[in-house]
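To keep things clear, I will list the structure first and then write my remarks on it.
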Amino acid sequence: MNIIVSKKAIKRRSYWIEEIRQLSGNFGDDYEKSAKELTEEVEQDGINVLIDHLRLCGSIPESYNHDSSEEKLYSKYTDCLLSLAYQALGLKSLVIKERADVADVEAFGKDYSFVADAKAFRLSRTAKNQKDFKVQAMHRWKHGKPNAMVVCPIYQLPRASSQIYQSATSSDVCIFTYSHLALLLSYSQIEGTEKAQELLYKVFKTVPLLPLSKSATDYWLGINKTLLEFSETIEELWQKEKQASLESIEVAKQEDLTYLAKQREKIMRMSHQEALNELIKVHKIDSKIKIINSIKDNGLLAIK
């Protein structure tokens with residue numbers, strides 16, 4: 001069987017992980033710079049590069065600290081990919097920079113428009129609830145638009161029963177995956193962007209017609225059937241993305257396992273004092289002491 005996720009795609013993934021780490025500093029400037037570079041990369045190398053990004057972007061690197069500037073910038077990187085994907089389908093799209101009470105991405109077609117959000121998770125994260133997928137929030141953030149979409153890594157979605165599927169159906173929010181979006185891009189290259197937009201619109205129209213159920217089978221049977229029945233061309237692309245999703249999981253696993261193995265070796269090679277210093281650093285004890293010491297009377301009681 002041919003390898004779908006190429007070594008070049010994996011190398012590009014490694015480059016962007018490091019690029020985001022190096023850029024981190026001023027969030028606004030960093031995002032503008034990374035978005036510009038990503039857009040130029042896609043314009044220069046074509047849609048297949050964008051498909052490579054989509055296949056691999058669903059996993060937040062374990063090498064990024066939790067709630068760090070790298071992690072936040074990585075989130076915007078996935079939003080930018082989402083917007084570029086919609087543009088490649090012939091839609092107009094933009095990433096919203098405001099962070100309060102709005103979706104991260106907006107897209108506009110000839111006959112419809114929608115808001116969207118890209119989700120990514122660490123492979124090591126075990127507990128995920130419906131709040132992680134923002135289904136209810138996306139419904140609130142439509143702000144007059146008829147549709148909403150949450151795009152997730154396929155291997156992180158519940159496979160049996162989950163409230164997110166019932167919430168999606170009742171709120172008319174489409175839960176989609178990077179694999180499905182990559183398939184749409186591949187399809188657009190064969191039959192054109194107008195047909196791809198028509199198919200996307202058909203997917204949106206399918207969601208409110210699905211059974212009001214927590215069942216993953218009920219939800220994905222409806223979405224997948226809509227895609228597969230649209231064109232005979234889809235079947236071959238479907239099998240390709242199915243294989244790509246399996247390869248993507250292995251790439252993400254190897255990426256994180258390699259990093260964690262190096263971290264374990266680093267710790268094992270530390271002296272006792274180095275290990276103690278690292279423990280203090282991990283728990284941000286010095287930083288917390290500094291913040292606590294900076295607290296002083298604000299003089300509010302002196303106002304009288």
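Scheme for the structure tokens: letters A, B, ... for chains in order shown; per-chain residue numbers from 1; ligand numbers from 1 in order shown.
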
Contacts of segment 60-119 of chain A with segment 123-126 of chain A up to 9 Å, shortest pair per row, only C-alpha atoms, as JSON lines:
```
{"residue": "A:Ile60", "atom": "CA", "partner": "A:Leu123", "partner_atom": "CA", "distance": 7.5}
{"residue": "A:Pro61", "atom": "CA", "partner": "A:Leu123", "partner_atom": "CA", "distance": 8.4}
{"residue": "A:Glu62", "atom": "CA", "partner": "A:Ser124", "partner_atom": "CA", "distance": 7.9}
```

Write to file, as a short mmCIF file (atom, residue, chain, number, x, y, z; two decimals), in the first residue's frame, the residues of the selection just made, with N, CA and C atoms.
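Output saved as out.cif:
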```cif
data_model
loop_
_atom_site.label_atom_id
_atom_site.label_comp_id
_atom_site.auth_asym_id
_atom_site.auth_seq_id
_atom_site.Cartn_x
_atom_site.Cartn_y
_atom_site.Cartn_z
N ILE A 60 -1.76 18.81 19.24
CA ILE A 60 -0.90 19.84 19.83
C ILE A 60 0.39 19.16 20.30
N PRO A 61 1.55 19.65 19.88
CA PRO A 61 2.81 19.01 20.27
C PRO A 61 2.99 18.95 21.78
N GLU A 62 3.43 17.82 22.27
CA GLU A 62 3.68 17.66 23.70
C GLU A 62 4.84 18.55 24.15
#
```

**Spatial neighbours of Leu200 of chain A, 12 Å, only C-alpha atoms, chain gap at least 3 places, as a ChimeraX atom specification** = /A:86,89-91,107,109,111-114,147-149,174,176,180-181,183-185,187-188,193-197,203-207,223-224,226-227,230

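The residue that comes closest to Leu246 of chain A, out of A:Cys57, A:Ile4, A:Met268, A:Leu210 and on the basis of only C-alpha atoms, is A:Ile4.
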
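Compared by their closest atoms to Leu94 of chain A, and using only C-alpha atoms, the residues A:Gln22, A:Ser231, A:Thr39, A:Ser215 rank with A:Thr39 nearest.
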
**Per-residue DSSP, segment 75-268 of chain A, filtered to strand (DSSP E or B), as a ChimeraX atom specification** = /A:92-95,105-108,113-118,121,147-152,161,174-177,215

Take the residues that were just selected and, keeping N, CA and C atoms, output them as a short mmCIF file (atom, residue, chain, number, x, y, z; two decimals), in the first residue's frame.
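What follows is the written file selection-v8.cif:
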```cif
data_model
loop_
_atom_site.label_atom_id
_atom_site.label_comp_id
_atom_site.auth_asym_id
_atom_site.auth_seq_id
_atom_site.Cartn_x
_atom_site.Cartn_y
_atom_site.Cartn_z
N LYS A 92 -15.09 32.80 0.37
CA LYS A 92 -14.36 33.89 1.00
C LYS A 92 -14.30 33.58 2.49
N SER A 93 -13.15 33.79 3.10
CA SER A 93 -13.01 33.43 4.51
C SER A 93 -11.98 34.31 5.20
N LEU A 94 -12.16 34.49 6.50
CA LEU A 94 -11.20 35.25 7.29
C LEU A 94 -11.15 34.72 8.71
N VAL A 95 -10.00 34.95 9.35
CA VAL A 95 -9.82 34.58 10.76
C VAL A 95 -10.14 35.80 11.60
N VAL A 105 -13.40 31.70 12.94
CA VAL A 105 -13.35 31.79 11.48
C VAL A 105 -14.74 32.07 10.92
N GLU A 106 -14.80 32.89 9.89
CA GLU A 106 -16.04 33.11 9.16
C GLU A 106 -15.81 32.76 7.69
N ALA A 107 -16.84 32.22 7.04
CA ALA A 107 -16.73 31.87 5.62
C ALA A 107 -18.01 32.26 4.91
N PHE A 108 -17.86 32.67 3.65
CA PHE A 108 -18.99 33.19 2.88
C PHE A 108 -19.01 32.56 1.49
N SER A 113 -23.49 31.20 4.28
CA SER A 113 -22.33 31.61 5.06
C SER A 113 -22.34 30.84 6.38
N PHE A 114 -21.20 30.81 7.05
CA PHE A 114 -21.13 30.06 8.32
C PHE A 114 -19.94 30.52 9.14
N VAL A 115 -19.97 30.18 10.42
CA VAL A 115 -18.83 30.40 11.31
C VAL A 115 -18.20 29.04 11.59
N ALA A 116 -16.92 29.07 11.95
CA ALA A 116 -16.22 27.80 12.16
C ALA A 116 -15.14 27.94 13.22
N ASP A 117 -14.74 26.81 13.75
CA ASP A 117 -13.69 26.78 14.76
C ASP A 117 -12.87 25.51 14.56
N ALA A 118 -11.55 25.63 14.66
CA ALA A 118 -10.66 24.48 14.54
C ALA A 118 -10.26 24.02 15.94
N PHE A 121 -6.02 18.82 20.02
CA PHE A 121 -5.85 18.30 21.38
C PHE A 121 -4.50 17.61 21.51
N ASN A 147 -25.38 28.70 9.63
CA ASN A 147 -24.65 27.47 9.91
C ASN A 147 -23.38 27.70 10.73
N ALA A 148 -22.91 26.62 11.35
CA ALA A 148 -21.66 26.64 12.12
C ALA A 148 -20.97 25.29 11.96
N MET A 149 -19.65 25.31 12.06
CA MET A 149 -18.88 24.08 11.90
C MET A 149 -17.74 24.03 12.91
N VAL A 150 -17.57 22.88 13.55
CA VAL A 150 -16.43 22.63 14.43
C VAL A 150 -15.61 21.52 13.78
N VAL A 151 -14.35 21.81 13.47
CA VAL A 151 -13.49 20.84 12.79
C VAL A 151 -12.49 20.26 13.79
N CYS A 152 -12.47 18.94 13.90
CA CYS A 152 -11.69 18.25 14.93
C CYS A 152 -10.81 17.16 14.32
N SER A 161 -21.01 6.90 22.26
CA SER A 161 -22.11 7.79 22.62
C SER A 161 -21.57 9.04 23.29
N CYS A 174 -22.46 21.72 12.68
CA CYS A 174 -21.83 20.58 12.00
C CYS A 174 -20.50 20.24 12.65
N ILE A 175 -20.39 19.03 13.18
CA ILE A 175 -19.11 18.52 13.64
C ILE A 175 -18.45 17.85 12.44
N PHE A 176 -17.28 18.32 12.08
CA PHE A 176 -16.57 17.83 10.91
C PHE A 176 -15.16 17.45 11.35
N THR A 177 -14.39 16.81 10.49
CA THR A 177 -13.02 16.46 10.84
C THR A 177 -12.05 16.99 9.79
N SER A 215 -25.78 9.07 19.78
CA SER A 215 -25.05 8.01 19.08
C SER A 215 -24.10 8.56 18.02
#
```

Would you please give, as an mmCIF file with N, CA and C atoms, in the first residue's frame, all residues of segment 81-162 of chain A that DSSP assigns to alpha helix (DSSP H) based on the backbone?
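Output file part_31.cif follows:
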```cif
data_model
loop_
_atom_site.group_PDB
_atom_site.id
_atom_site.type_symbol
_atom_site.label_atom_id
_atom_site.label_comp_id
_atom_site.auth_asym_id
_atom_site.auth_seq_id
_atom_site.Cartn_x
_atom_site.Cartn_y
_atom_site.Cartn_z
ATOM 1 N N LEU A 81 -5.341 27.593 8.963
ATOM 2 C CA LEU A 81 -5.469 26.466 8.029
ATOM 3 C C LEU A 81 -6.914 26.280 7.598
ATOM 4 N N LEU A 82 -7.818 26.415 8.565
ATOM 5 C CA LEU A 82 -9.242 26.263 8.281
ATOM 6 C C LEU A 82 -9.696 27.321 7.281
ATOM 7 N N SER A 83 -9.314 28.553 7.511
ATOM 8 C CA SER A 83 -9.693 29.648 6.625
ATOM 9 C C SER A 83 -9.119 29.444 5.228
ATOM 10 N N LEU A 84 -7.859 29.015 5.146
ATOM 11 C CA LEU A 84 -7.224 28.757 3.855
ATOM 12 C C LEU A 84 -7.908 27.607 3.122
ATOM 13 N N ALA A 85 -8.380 26.614 3.871
ATOM 14 C CA ALA A 85 -9.093 25.487 3.255
ATOM 15 C C ALA A 85 -10.399 25.949 2.628
ATOM 16 N N TYR A 86 -11.129 26.795 3.345
ATOM 17 C CA TYR A 86 -12.383 27.319 2.790
ATOM 18 C C TYR A 86 -12.110 28.176 1.552
ATOM 19 N N GLN A 87 -11.036 28.949 1.605
ATOM 20 C CA GLN A 87 -10.669 29.755 0.437
ATOM 21 C C GLN A 87 -10.325 28.867 -0.755
ATOM 22 N N ALA A 88 -9.648 27.757 -0.485
ATOM 23 C CA ALA A 88 -9.285 26.828 -1.556
ATOM 24 C C ALA A 88 -10.522 26.181 -2.178
ATOM 25 N N GLN A 130 -18.021 17.797 26.436
ATOM 26 C CA GLN A 130 -18.633 18.535 25.332
ATOM 27 C C GLN A 130 -18.188 19.995 25.286
ATOM 28 N N LYS A 131 -17.776 20.561 26.436
ATOM 29 C CA LYS A 131 -17.301 21.944 26.434
ATOM 30 C C LYS A 131 -16.021 22.096 25.613
ATOM 31 N N ASP A 132 -15.230 21.030 25.531
ATOM 32 C CA ASP A 132 -13.999 21.080 24.753
ATOM 33 C C ASP A 132 -14.265 21.280 23.267
ATOM 34 N N PHE A 133 -15.449 20.875 22.824
ATOM 35 C CA PHE A 133 -15.768 20.955 21.399
ATOM 36 C C PHE A 133 -16.566 22.214 21.042
ATOM 37 N N VAL A 135 -19.616 23.157 21.014
ATOM 38 C CA VAL A 135 -20.802 23.055 20.160
ATOM 39 C C VAL A 135 -21.843 24.112 20.534
ATOM 40 N N GLN A 136 -22.169 24.206 21.814
ATOM 41 C CA GLN A 136 -23.175 25.186 22.248
ATOM 42 C C GLN A 136 -22.695 26.613 22.009
ATOM 43 N N ALA A 137 -21.395 26.846 22.251
ATOM 44 C CA ALA A 137 -20.836 28.181 22.021
ATOM 45 C C ALA A 137 -20.923 28.559 20.549
ATOM 46 N N MET A 138 -20.642 27.608 19.669
ATOM 47 C CA MET A 138 -20.705 27.890 18.229
ATOM 48 C C MET A 138 -22.120 28.239 17.797
ATOM 49 N N HIS A 139 -23.086 27.605 18.421
ATOM 50 C CA HIS A 139 -24.489 27.934 18.116
ATOM 51 C C HIS A 139 -24.784 29.388 18.496
ATOM 52 N N ARG A 140 -24.277 29.818 19.655
ATOM 53 C CA ARG A 140 -24.491 31.202 20.099
ATOM 54 C C ARG A 140 -23.738 32.192 19.217
#
```

**Request:** Might you pull out every residue within 10 Å of Asp256 of chain A, with only C-alpha atoms counted and same-chain residues fewer than 2 positions away left off, and present them as an MDAnalysis selection string?
**Result:** chainID A and resid 59:63 122:124 251:254 258:262

**Request:** Identify, on the basis of only C-alpha atoms, every residue whose closest approach to Ile267 of chain A does not exceed 12 Å; exclude the query and any residue fewer than 5 positions from it along the same chain; express the result as a ChimeraX atom specification.
**Result:** /A:260-262,272-279

Could the residues in this selection be written to a file with C-alpha atoms, as a compact mmCIF listing (two decimals), in the first residue's frame?
```txt
# COMPACT_ATOMS: atom_id res chain seq x y z
CA LEU A 260 8.95 12.44 26.08
CA ALA A 261 11.74 9.85 25.80
CA LYS A 262 14.27 12.67 25.45
CA HIS A 272 20.21 15.87 42.55
CA GLN A 273 20.42 19.68 42.70
CA GLU A 274 19.60 20.08 39.00
CA ALA A 275 16.54 17.88 39.47
CA LEU A 276 15.37 19.99 42.44
CA ASN A 277 15.85 23.21 40.45
CA GLU A 278 13.89 21.78 37.52
CA LEU A 279 11.06 20.76 39.86
```

**Atomic separation - atom CA of Tyr77 of chain A relative to atom CA of Arg13 of chain A, Å** = 11.8 Å

**Prompt:** So how far away is atom CA of Lys225 of chain A from atom CA of Gln163 of chain A, in Å?
**Reply:** 21.5 Å
